[in-house]
file data_17.tsv (TSV, C-alpha atoms and all ligand atoms)
chain	number	residue	atom	x	y	z
A	1	MET	CA	6.07	-13.48	-10.13
A	2	SER	CA	3.83	-14.55	-12.96
A	3	ALA	CA	4.81	-13.33	-16.40
A	4	GLU	CA	2.09	-10.68	-16.24
A	5	PRO	CA	3.03	-7.57	-14.27
A	6	THR	CA	-0.54	-7.23	-13.01
A	7	ASP	CA	-2.53	-10.11	-11.68
A	8	ARG	CA	-5.92	-10.38	-10.00
A	9	VAL	CA	-7.08	-12.97	-7.56
A	10	ALA	CA	-10.13	-13.00	-5.27
A	11	GLY	CA	-10.58	-9.27	-4.74
A	12	LEU	CA	-6.83	-8.62	-4.77
A	13	LYS	CA	-4.62	-6.93	-7.31
A	14	LEU	CA	-0.99	-7.91	-7.59
A	15	GLU	CA	1.46	-5.60	-9.38
A	16	VAL	CA	5.20	-5.86	-9.76
A	17	GLU	CA	7.62	-3.07	-10.55
A	18	GLY	CA	11.25	-4.09	-10.39
A	19	ALA	CA	11.91	-5.67	-7.01
A	20	VAL	CA	8.71	-4.29	-5.44
A	21	ALA	CA	5.41	-6.18	-5.47
A	22	THR	CA	2.22	-4.43	-4.39
A	23	VAL	CA	-0.83	-6.35	-3.21
A	24	THR	CA	-3.93	-4.15	-3.14
A	25	LEU	CA	-7.25	-5.06	-1.54
A	26	MET	CA	-9.78	-4.18	-4.23
A	27	ARG	CA	-13.17	-3.94	-2.52
A	28	ARG	CA	-13.34	-0.20	-2.15
A	29	GLU	CA	-17.17	-0.23	-2.09
A	30	ARG	CA	-16.96	-2.33	1.11
A	31	ARG	CA	-14.01	-0.42	2.54
A	32	ASN	CA	-11.93	-3.49	1.55
A	33	ALA	CA	-13.74	-5.73	4.01
A	34	MET	CA	-12.21	-9.17	3.64
A	35	THR	CA	-13.70	-12.57	2.96
A	36	PRO	CA	-12.24	-16.07	3.32
A	37	SER	CA	-11.67	-16.07	-0.47
A	38	MET	CA	-9.44	-13.04	-0.06
A	39	TRP	CA	-7.47	-14.72	2.74
A	40	ARG	CA	-7.00	-17.77	0.54
A	41	GLY	CA	-6.04	-15.45	-2.32
A	42	LEU	CA	-3.47	-13.73	-0.12
A	43	ALA	CA	-1.98	-17.13	0.69
A	44	GLN	CA	-1.47	-17.71	-3.05
A	45	VAL	CA	0.51	-14.50	-3.55
A	46	PRO	CA	3.96	-15.80	-2.48
A	47	GLY	CA	3.63	-18.59	-5.03
A	48	ARG	CA	3.37	-15.92	-7.70
A	49	LEU	CA	6.47	-14.02	-6.61
A	50	SER	CA	9.85	-14.60	-8.18
A	51	GLY	CA	13.05	-14.49	-6.15
A	52	ASP	CA	13.69	-11.01	-7.58
A	53	VAL	CA	10.98	-9.47	-5.38
A	54	ARG	CA	12.53	-7.95	-2.26
A	55	VAL	CA	9.78	-5.70	-0.95
A	56	VAL	CA	6.04	-6.41	-0.74
A	57	VAL	CA	3.66	-3.52	-0.16
A	58	VAL	CA	0.15	-4.27	1.12
A	59	ALA	CA	-2.35	-1.52	0.44
A	60	GLY	CA	-6.08	-0.90	0.21
A	61	ASP	CA	-7.94	0.68	-2.69
A	62	GLY	CA	-9.87	3.83	-1.77
A	63	PRO	CA	-10.18	5.69	1.53
A	64	SER	CA	-9.79	2.72	3.91
A	65	PHE	CA	-7.01	0.19	4.20
A	66	CYS	CA	-9.42	-2.49	5.39
A	67	ALA	CA	-12.63	-2.54	7.46
A	68	GLY	CA	-11.99	-6.07	8.73
A	69	ILE	CA	-13.98	-9.17	7.99
A	70	ASP	CA	-17.00	-8.71	5.74
A	71	LEU	CA	-19.63	-8.58	8.47
A	72	ARG	CA	-22.18	-10.20	6.19
A	73	MET	CA	-20.29	-13.44	6.89
A	74	PHE	CA	-22.12	-13.38	10.24
A	75	THR	CA	-25.59	-12.93	8.73
A	76	PRO	CA	-27.90	-15.72	7.56
A	77	GLU	CA	-27.60	-14.42	3.98
A	78	GLY	CA	-23.79	-14.48	4.01
A	79	VAL	CA	-21.66	-12.98	1.24
A	80	PRO	CA	-22.63	-13.91	-2.32
A	81	GLY	CA	-20.14	-16.43	-3.73
A	82	GLU	CA	-18.56	-17.22	-0.34
A	83	ASP	CA	-19.06	-20.54	1.35
A	84	ARG	CA	-20.21	-20.47	4.98
A	85	GLY	CA	-17.06	-22.10	6.31
A	86	LEU	CA	-16.88	-24.97	8.75
A	87	SER	CA	-18.41	-24.90	12.20
A	88	PRO	CA	-16.01	-25.00	15.20
A	89	SER	CA	-17.17	-28.54	16.02
A	90	ASP	CA	-16.05	-29.75	12.59
A	91	PRO	CA	-12.66	-31.54	12.65
A	92	GLY	CA	-11.53	-29.39	9.72
A	93	PHE	CA	-12.13	-26.10	11.55
A	94	ASP	CA	-8.57	-25.73	12.81
A	95	ALA	CA	-7.09	-26.44	9.36
A	96	GLN	CA	-9.49	-23.95	7.83
A	97	LEU	CA	-8.28	-21.19	10.16
A	98	ALA	CA	-4.67	-22.20	9.54
A	99	GLY	CA	-5.36	-21.74	5.82
A	100	TYR	CA	-6.66	-18.23	6.45
A	101	GLN	CA	-3.64	-17.45	8.63
A	102	ALA	CA	-1.34	-18.58	5.81
A	103	GLY	CA	-2.52	-15.50	3.92
A	104	PHE	CA	-0.91	-13.37	6.62
A	105	ARG	CA	2.11	-15.43	7.69
A	106	TRP	CA	4.10	-15.32	4.45
A	107	LEU	CA	4.52	-11.57	4.94
A	108	ARG	CA	7.18	-12.40	7.56
A	109	ASP	CA	9.29	-14.44	5.12
A	110	PRO	CA	12.94	-13.37	5.54
A	111	ALA	CA	13.28	-13.23	1.74
A	112	ILE	CA	11.13	-10.09	1.62
A	113	VAL	CA	10.40	-7.00	3.65
A	114	SER	CA	6.68	-6.27	3.83
A	115	ILE	CA	5.20	-2.81	4.29
A	116	ALA	CA	1.59	-2.04	5.13
A	117	ALA	CA	0.53	1.25	3.52
A	118	VAL	CA	-2.36	2.26	5.76
A	119	ARG	CA	-4.77	5.07	5.01
A	120	GLY	CA	-8.09	5.43	6.82
A	121	HIS	CA	-9.47	2.49	8.72
A	122	ALA	CA	-7.59	-0.68	9.66
A	123	ILE	CA	-10.14	-2.54	11.75
A	124	GLY	CA	-10.08	-6.08	13.11
A	125	ALA	CA	-8.71	-8.33	10.37
A	126	GLY	CA	-7.48	-5.14	8.68
A	127	PHE	CA	-5.43	-4.15	11.74
A	128	GLN	CA	-4.11	-7.72	11.86
A	129	LEU	CA	-3.11	-7.50	8.20
A	130	ALA	CA	-1.15	-4.33	8.96
A	131	LEU	CA	0.43	-6.11	11.96
A	132	ALA	CA	1.36	-9.07	9.76
A	133	CYS	CA	3.68	-6.80	7.79
A	134	ASP	CA	7.23	-6.07	8.94
A	135	LEU	CA	6.74	-2.31	8.71
A	136	ARG	CA	3.82	0.10	8.71
A	137	VAL	CA	3.63	3.47	6.99
A	138	LEU	CA	0.52	5.35	8.10
A	139	ALA	CA	-1.30	8.21	6.51
A	140	ASP	CA	-2.13	10.84	9.10
A	141	ASP	CA	-5.81	9.91	8.77
A	142	ALA	CA	-5.19	6.26	9.76
A	143	GLN	CA	-7.40	4.73	12.45
A	144	LEU	CA	-6.53	1.37	13.96
A	145	CYS	CA	-8.89	-0.76	16.02
A	146	MET	CA	-8.79	-4.36	17.25
A	147	LYS	CA	-12.52	-4.92	17.20
A	148	GLU	CA	-12.76	-8.70	17.54
A	149	PRO	CA	-13.36	-9.08	21.30
A	150	ALA	CA	-16.14	-6.50	21.13
A	151	LEU	CA	-17.80	-8.75	18.54
A	152	GLY	CA	-17.37	-11.91	20.60
A	153	LEU	CA	-14.26	-13.15	18.79
A	154	VAL	CA	-10.53	-13.38	19.42
A	155	PRO	CA	-8.11	-11.88	16.92
A	156	ASP	CA	-7.03	-15.07	15.11
A	157	LEU	CA	-5.30	-13.85	11.97
A	158	THR	CA	-1.83	-13.78	13.57
A	159	GLY	CA	-2.20	-10.26	14.96
A	160	THR	CA	-1.83	-10.93	18.68
A	161	LYS	CA	1.88	-11.76	18.69
A	162	PRO	CA	3.14	-8.75	16.73
A	163	LEU	CA	0.80	-6.53	18.75
A	164	VAL	CA	2.27	-7.74	22.05
A	165	ASP	CA	5.81	-7.68	20.65
A	166	ILE	CA	5.39	-4.05	19.60
A	167	VAL	CA	3.28	-2.43	22.32
A	168	GLY	CA	3.79	-4.81	25.26
A	169	LEU	CA	1.27	-6.95	27.10
A	170	PRO	CA	-0.55	-4.30	29.19
A	171	ARG	CA	-1.15	-2.00	26.22
A	172	ALA	CA	-2.17	-4.93	24.01
A	173	VAL	CA	-4.74	-6.03	26.59
A	174	GLU	CA	-6.05	-2.48	26.86
A	175	LEU	CA	-6.31	-2.02	23.08
A	176	CYS	CA	-7.97	-5.37	22.44
A	177	LEU	CA	-10.47	-5.37	25.29
A	178	THR	CA	-11.55	-1.77	24.96
A	179	ALA	CA	-11.59	-2.03	21.15
A	180	ARG	CA	-10.81	1.65	21.12
A	181	THR	CA	-9.60	3.33	17.97
A	182	ILE	CA	-6.12	4.79	17.91
A	183	ASP	CA	-5.09	7.51	15.51
A	184	ALA	CA	-1.87	7.73	13.54
A	185	ALA	CA	-0.11	9.92	16.09
A	186	GLU	CA	-0.79	7.48	18.93
A	187	ALA	CA	0.10	4.54	16.70
A	188	ALA	CA	3.48	6.16	16.05
A	189	ARG	CA	4.02	6.74	19.78
A	190	LEU	CA	3.25	3.07	20.45
A	191	GLY	CA	5.68	1.89	17.77
A	192	LEU	CA	2.92	0.74	15.44
A	193	ALA	CA	4.05	3.05	12.65
A	194	GLU	CA	7.56	3.41	11.30
A	195	ARG	CA	6.49	6.56	9.44
A	196	VAL	CA	3.43	8.81	9.48
A	197	VAL	CA	2.90	11.07	6.48
A	198	PRO	CA	0.18	13.35	5.10
A	199	ALA	CA	-2.42	11.19	3.37
A	200	ALA	CA	-1.64	12.66	-0.05
A	201	GLU	CA	2.00	11.59	0.33
A	202	LEU	CA	1.41	7.98	1.39
A	203	ASP	CA	2.20	6.33	-1.94
A	204	ASP	CA	5.38	8.37	-2.43
A	205	ALA	CA	6.51	7.68	1.14
A	206	VAL	CA	6.02	3.94	0.70
A	207	ARG	CA	7.83	3.99	-2.64
A	208	GLU	CA	10.74	5.83	-1.03
A	209	LEU	CA	10.94	3.40	1.89
A	210	ALA	CA	10.82	0.44	-0.52
A	211	LYS	CA	13.76	1.98	-2.38
A	212	GLU	CA	15.74	2.62	0.81
A	213	LEU	CA	15.21	-0.96	1.95
A	214	GLN	CA	16.92	-2.20	-1.19
A	215	THR	CA	20.15	-0.47	-0.18
A	216	ALA	CA	21.19	-3.60	1.70
A	217	ASP	CA	22.85	-6.49	-0.11
A	218	PRO	CA	20.01	-9.00	-0.82
A	219	ALA	CA	21.60	-12.00	0.91
A	220	ALA	CA	22.71	-9.89	3.88
A	221	ALA	CA	19.23	-8.37	4.14
A	222	ARG	CA	17.63	-11.79	4.22
A	223	ALA	CA	20.06	-13.17	6.81
A	224	THR	CA	19.77	-10.03	8.95
A	225	LYS	CA	15.97	-10.13	8.96
A	226	ALA	CA	16.03	-13.80	9.99
A	227	LEU	CA	18.50	-12.99	12.76
A	228	LEU	CA	16.48	-10.06	14.07
A	229	ALA	CA	13.21	-11.98	13.90
A	230	HIS	CA	14.42	-14.54	16.44
A	231	ALA	CA	16.38	-12.20	18.71
A	232	HIS	CA	13.59	-11.75	21.26
A	233	GLU	CA	13.30	-15.47	21.94
A	234	ARG	CA	17.06	-15.99	22.50
A	235	SER	CA	19.43	-15.05	25.31
A	236	LEU	CA	22.34	-12.75	24.47
A	237	ASP	CA	24.64	-15.77	24.43
A	238	GLU	CA	22.36	-17.66	22.06
A	239	GLN	CA	21.95	-14.64	19.81
A	240	ALA	CA	25.74	-14.16	19.70
A	241	VAL	CA	26.07	-17.78	18.54
A	242	ALA	CA	23.35	-17.22	15.96
A	243	GLU	CA	25.11	-14.09	14.66
A	244	ARG	CA	28.37	-16.01	14.18
A	245	ALA	CA	26.63	-18.88	12.42
A	246	ALA	CA	24.68	-16.52	10.17
A	247	GLN	CA	27.85	-14.62	9.25
A	248	ALA	CA	29.67	-17.83	8.40
A	249	ARG	CA	26.78	-19.06	6.23
A	250	LEU	CA	26.50	-15.72	4.48
A	251	LEU	CA	30.20	-15.45	3.70
A	252	GLN	CA	30.52	-19.09	2.66
A	253	ALA	CA	27.61	-18.74	0.25
A	254	ARG	CA	29.21	-15.77	-1.48
A	255	PRO	CA	31.36	-16.41	-4.56
A	256	ALA	CA	35.09	-16.00	-3.86
A	257	ASP	CA	35.38	-12.92	-6.10
A	258	GLN	CA	32.63	-11.15	-4.11
A	259	GLN	CA	33.95	-11.72	-0.61
A	260	VAL	CA	33.87	-8.75	1.76
A	261	GLN	CA	37.38	-7.48	2.34
A	262	PRO	CA	38.46	-7.21	6.02
A	263	THR	CA	38.90	-3.43	5.69
A	264	GLN	CA	35.35	-3.11	4.33
A	265	ALA	CA	34.01	-5.29	7.12
A	266	VAL	CA	35.72	-3.22	9.80
A	267	SER	CA	34.57	0.09	8.38
A	268	GLY	CA	31.06	-1.30	7.98
B	1	LIG	N1	-18.26	-5.67	6.18
B	1	LIG	C1	-19.16	-5.47	5.20
B	1	LIG	N2	-19.42	-4.26	4.65
B	1	LIG	C2	-18.74	-3.22	5.14
B	1	LIG	C3	-17.79	-3.35	6.16
B	1	LIG	C4	-17.55	-4.66	6.69
B	1	LIG	N3	-16.64	-4.90	7.64
B	1	LIG	N4	-17.26	-2.16	6.45
B	1	LIG	C5	-17.88	-1.28	5.62
B	1	LIG	N5	-18.76	-1.92	4.83
B	1	LIG	C6	-19.63	-1.35	3.81
B	1	LIG	C7	-20.76	-0.58	4.45
B	1	LIG	O1	-21.82	-1.46	4.79
B	1	LIG	C8	-21.12	0.37	3.34
B	1	LIG	O2	-21.90	-0.31	2.41
B	1	LIG	P1	-23.16	0.45	1.69
B	1	LIG	O3	-22.52	1.55	0.89
B	1	LIG	O4	-23.77	-0.62	0.85
B	1	LIG	O5	-24.02	0.96	2.80
B	1	LIG	C9	-19.78	0.68	2.69
B	1	LIG	O6	-18.90	-0.39	3.08
B	1	LIG	C10	-19.16	1.97	3.17
B	1	LIG	O7	-19.14	1.93	4.57
B	1	LIG	P2	-19.61	3.18	5.46
B	1	LIG	O8	-19.92	2.66	6.83
B	1	LIG	O9	-20.68	3.93	4.75
B	1	LIG	O10	-18.28	4.05	5.44
B	1	LIG	P3	-17.72	5.01	6.56
B	1	LIG	O11	-16.51	5.64	5.99
B	1	LIG	O12	-18.81	5.88	7.10
B	1	LIG	O13	-17.28	4.03	7.76
B	1	LIG	C11	-16.16	2.15	8.72
B	1	LIG	C12	-16.23	3.14	7.55
B	1	LIG	C13	-15.77	2.88	10.01
B	1	LIG	C14	-15.05	1.17	8.35
B	1	LIG	C15	-17.52	1.45	8.93
B	1	LIG	O14	-17.99	0.99	7.68
B	1	LIG	C16	-17.45	0.28	9.88
B	1	LIG	O15	-17.47	0.47	11.10
B	1	LIG	N6	-17.37	-0.96	9.33
B	1	LIG	C17	-17.40	-2.16	10.13
B	1	LIG	C18	-16.04	-2.41	10.79
B	1	LIG	C19	-16.04	-3.72	11.58
B	1	LIG	O16	-16.65	-3.83	12.62
B	1	LIG	N7	-15.33	-4.74	11.05
B	1	LIG	C20	-15.22	-6.04	11.66
B	1	LIG	C21	-14.00	-6.06	12.57
B	1	LIG	S1	-13.77	-7.62	13.38
B	1	LIG	C22	-12.92	-8.60	12.30
B	1	LIG	O17	-12.40	-8.15	11.30
B	1	LIG	C23	-12.79	-10.09	12.59
call {"tool": "encode", "arguments": {"input": "data_17.tsv", "output": "structure tokens", "more": "lines below"}}
Ligand code: ACO
result
Amino acid sequence: MSAEPTDRVAGLKLEVEGAVATVTLMRRERRNAMTPSMWRGLAQVPGRLSGDVRVVVVAGDGPSFCAGIDLRMFTPEGVPGEDRGLSPSDPGFDAQLAGYQAGFRWLRDPAIVSIAAVRGHAIGAGFQLALACDLRVLADDAQLCMKEPALGLVPDLTGTKPLVDIVGLPRAVELCLTARTIDAAEAARLGLAERVVPAAELDDAVRELAKELQTADPAAARATKALLAHAHERSLDEQAVAERAAQARLLQARPADQQVQPTQAVSG
């Protein structure tokens, strides 16, 4: 993290308290609608984090987590201060989108656990931002909607994979193509929320979860997250091999005076 505990970049606020960094979307007057500058700003955040940060909270200022892309991007006037972006026929179009996606992808880094703190609307790019995080804590007023197909777009900010991984293909198809809004209770039933709390308790609930997540030994937490993240693409045999290799790496990297004793290992 930068020397300053609070940092601002492109409509984002970055705060650090101990091992917890909080990135807040700061466009409350637009329900935190996002622009390409904000996606590029998000991509810069990991470069500002020190190795001491273990949990990253993503939140929105005001009543909505995020109302998706700033729809003025699709108007002839555009958004003041934002460039129009490249057209799909431009050879740089793919790299441009990859740059936007980078703002979402770092949230899966095994070195951190990311938590989306969602109150109110999480629409389109906002839903994808919540999906980009490892965990989601929802206020009971949360409303999630994958709006892109209804607007003639595909969700392209890395949201489709976590959505399918969490809710399964049929439900993902239904949610995306109907663009219906799901409330916090349904989100919890679908596995899209680890916790649902009264709106007034969202910040406290996220703070508590961030604290609980730091119970694990940092190196073990990192190795475990990496192991879990690849489990679905491996067979049981392959995952068993990966577990053994990860354990060996973890134990070898630990100083001799901090080795886990066999009795501790057996008792967990
Ligand atoms: N882009 C630009 N401005 C927005 C956006 C947006 N996505 N969302 C809200 N705003 C602005 C509104 O225009 C309004 O501005 P104004 O005060 O100058 O009129 C202000 O934020 C407040 O919005 P309201 O609509 O008044 O707030 P309300 O609480 O009634 O509704 C809601 C919130 C449901 C989020 C509504 O604003 C909305 O439907 N926004 C558009 C959502 C959307 O379709 N996003 C694109 C998804 S697809 C994608 O992200 C790729």
call {"tool": "closest_residue", "arguments": {"input": "data_17.tsv", "among": "A:Pro255, A:Gly60, A:Pro46, A:Gly11", "to": "Gly81 in chain A", "atoms": "only C-alpha atoms"}}
result
A:Gly11
call {"tool": "axis_aligned_box", "arguments": {"input": "data_17.tsv", "around": "ligand LIG 1 (chain B)", "padding_each_side": "8 Å", "output": "lines of an AutoDock Vina configuration file"}}
result
center_x = -18.2
center_y = -2.1
center_z = 7.1
size_x = 27.6
size_y = 32.0
size_z = 28.5
call {"tool": "residues_near_ligand", "arguments": {"input": "data_17.tsv", "ligand": "ligand LIG 1 (chain B)", "cutoff": "7 Å", "atoms": "only C-alpha atoms and all ligand atoms", "output": "PDB file with C-alpha atoms, in the frame of the given file"}}
result
ATOM      1  CA  GLU A  29     -17.170  -0.230  -2.090  1.00  0.00           C
ATOM      2  CA  ARG A  30     -16.960  -2.330   1.110  1.00  0.00           C
ATOM      3  CA  ARG A  31     -14.010  -0.420   2.540  1.00  0.00           C
ATOM      4  CA  ALA A  33     -13.740  -5.730   4.010  1.00  0.00           C
ATOM      5  CA  ALA A  67     -12.630  -2.540   7.460  1.00  0.00           C
ATOM      6  CA  GLY A  68     -11.990  -6.070   8.730  1.00  0.00           C
ATOM      7  CA  ILE A  69     -13.980  -9.170   7.990  1.00  0.00           C
ATOM      8  CA  ASP A  70     -17.000  -8.710   5.740  1.00  0.00           C
ATOM      9  CA  LEU A  71     -19.630  -8.580   8.470  1.00  0.00           C
ATOM     10  CA  ARG A  72     -22.180 -10.200   6.190  1.00  0.00           C
ATOM     11  CA  HIS A 121      -9.470   2.490   8.720  1.00  0.00           C
ATOM     12  CA  ILE A 123     -10.140  -2.540  11.750  1.00  0.00           C
ATOM     13  CA  GLY A 124     -10.080  -6.080  13.110  1.00  0.00           C
ATOM     14  CA  ALA A 125      -8.710  -8.330  10.370  1.00  0.00           C
ATOM     15  CA  GLY A 126      -7.480  -5.140   8.680  1.00  0.00           C
ATOM     16  CA  LYS A 147     -12.520  -4.920  17.200  1.00  0.00           C
ATOM     17  CA  GLU A 148     -12.760  -8.700  17.540  1.00  0.00           C
ATOM     18  CA  LEU A 151     -17.800  -8.750  18.540  1.00  0.00           C
ATOM     19  CA  PRO A 155      -8.110 -11.880  16.920  1.00  0.00           C
TER      20      PRO A 155
END
call {"tool": "closest_residue", "arguments": {"input": "data_17.tsv", "among": "A:Ala223, A:Leu236, A:Val79, A:Val118", "to": "Leu250 in chain A", "atoms": "only C-alpha atoms"}}
result
A:Ala223
call {"tool": "atom_distance", "arguments": {"input": "data_17.tsv", "atom1": "CA of Leu153 in chain A", "atom2": "CA of His232 in chain A"}}
result
28.0 Å
call {"tool": "atom_distance", "arguments": {"input": "data_17.tsv", "atom1": "CA of Ala199 in chain A", "atom2": "CA of Ile166 in chain A"}}
result
23.6 Å
call {"tool": "closest_residue", "arguments": {"input": "data_17.tsv", "among": "A:Val113, A:Leu157, A:Ala185, A:Leu129", "to": "Arg222 in chain A", "atoms": "only C-alpha atoms"}}
result
A:Val113
call {"tool": "atom_distance", "arguments": {"input": "data_17.tsv", "atom1": "CA of Leu251 in chain A", "atom2": "CA of Val53 in chain A"}}
result
22.1 Å
call {"tool": "residues_around", "arguments": {"input": "data_17.tsv", "residues": "Ala43 in chain A", "least_positions_apart": "5", "cutoff": "9 Å", "atoms": "all atoms listed in the file", "output": "PyMOL selection string"}}
result
chain A and resi 38+99-106
call {"tool": "residues_around", "arguments": {"input": "data_17.tsv", "residues": "Asp83 in chain A", "least_positions_apart": "2", "cutoff": "10 Å", "atoms": "only C-alpha atoms", "output": "list in words"}}
result
Thr35, Pro36, Ser37, Met73, Gly78, Val79, Pro80, Gly81, Gly85 and Leu86 of chain A
call {"tool": "closest_residue", "arguments": {"input": "data_17.tsv", "among": "A:Arg254, A:Met26, A:Ala10, A:Gln247", "to": "Glu82 in chain A", "atoms": "only C-alpha atoms"}}
result
A:Ala10
call {"tool": "closest_residue", "arguments": {"input": "data_17.tsv", "among": "A:Lys225, A:Arg195, A:Lys211, A:Arg249", "to": "Asp134 in chain A", "atoms": "all atoms listed in the file"}}
result
A:Lys225
call {"tool": "closest_residue", "arguments": {"input": "data_17.tsv", "among": "A:Gln259, A:Ala245, A:Pro218, A:Val55", "to": "Arg108 in chain A", "atoms": "all atoms listed in the file"}}
result
A:Val55
call {"tool": "residues_near_point", "arguments": {"input": "data_17.tsv", "point": "(2.9, 9.5, 4.0)", "cutoff": "9 Å", "atoms": "only C-alpha atoms", "output": "PDB file with C-alpha atoms, in the coordinates of the input"}}
result
ATOM      1  CA  ALA A 117       0.530   1.250   3.520  1.00  0.00           C
ATOM      2  CA  ARG A 119      -4.770   5.070   5.010  1.00  0.00           C
ATOM      3  CA  VAL A 137       3.630   3.470   6.990  1.00  0.00           C
ATOM      4  CA  LEU A 138       0.520   5.350   8.100  1.00  0.00           C
ATOM      5  CA  ALA A 139      -1.300   8.210   6.510  1.00  0.00           C
ATOM      6  CA  ASP A 140      -2.130  10.840   9.100  1.00  0.00           C
ATOM      7  CA  ARG A 195       6.490   6.560   9.440  1.00  0.00           C
ATOM      8  CA  VAL A 196       3.430   8.810   9.480  1.00  0.00           C
ATOM      9  CA  VAL A 197       2.900  11.070   6.480  1.00  0.00           C
ATOM     10  CA  PRO A 198       0.180  13.350   5.100  1.00  0.00           C
ATOM     11  CA  ALA A 199      -2.420  11.190   3.370  1.00  0.00           C
ATOM     12  CA  ALA A 200      -1.640  12.660  -0.050  1.00  0.00           C
ATOM     13  CA  GLU A 201       2.000  11.590   0.330  1.00  0.00           C
ATOM     14  CA  LEU A 202       1.410   7.980   1.390  1.00  0.00           C
ATOM     15  CA  ASP A 203       2.200   6.330  -1.940  1.00  0.00           C
ATOM     16  CA  ASP A 204       5.380   8.370  -2.430  1.00  0.00           C
ATOM     17  CA  ALA A 205       6.510   7.680   1.140  1.00  0.00           C
ATOM     18  CA  VAL A 206       6.020   3.940   0.700  1.00  0.00           C
TER      19      VAL A 206
END
call {"tool": "residues_around", "arguments": {"input": "data_17.tsv", "residues": "Val57 in chain A", "least_positions_apart": "5", "cutoff": "6 Å", "atoms": "all atoms listed in the file", "output": "JSON, numbers by chain"}}
result
{"A": [22, 114, 115, 116]}
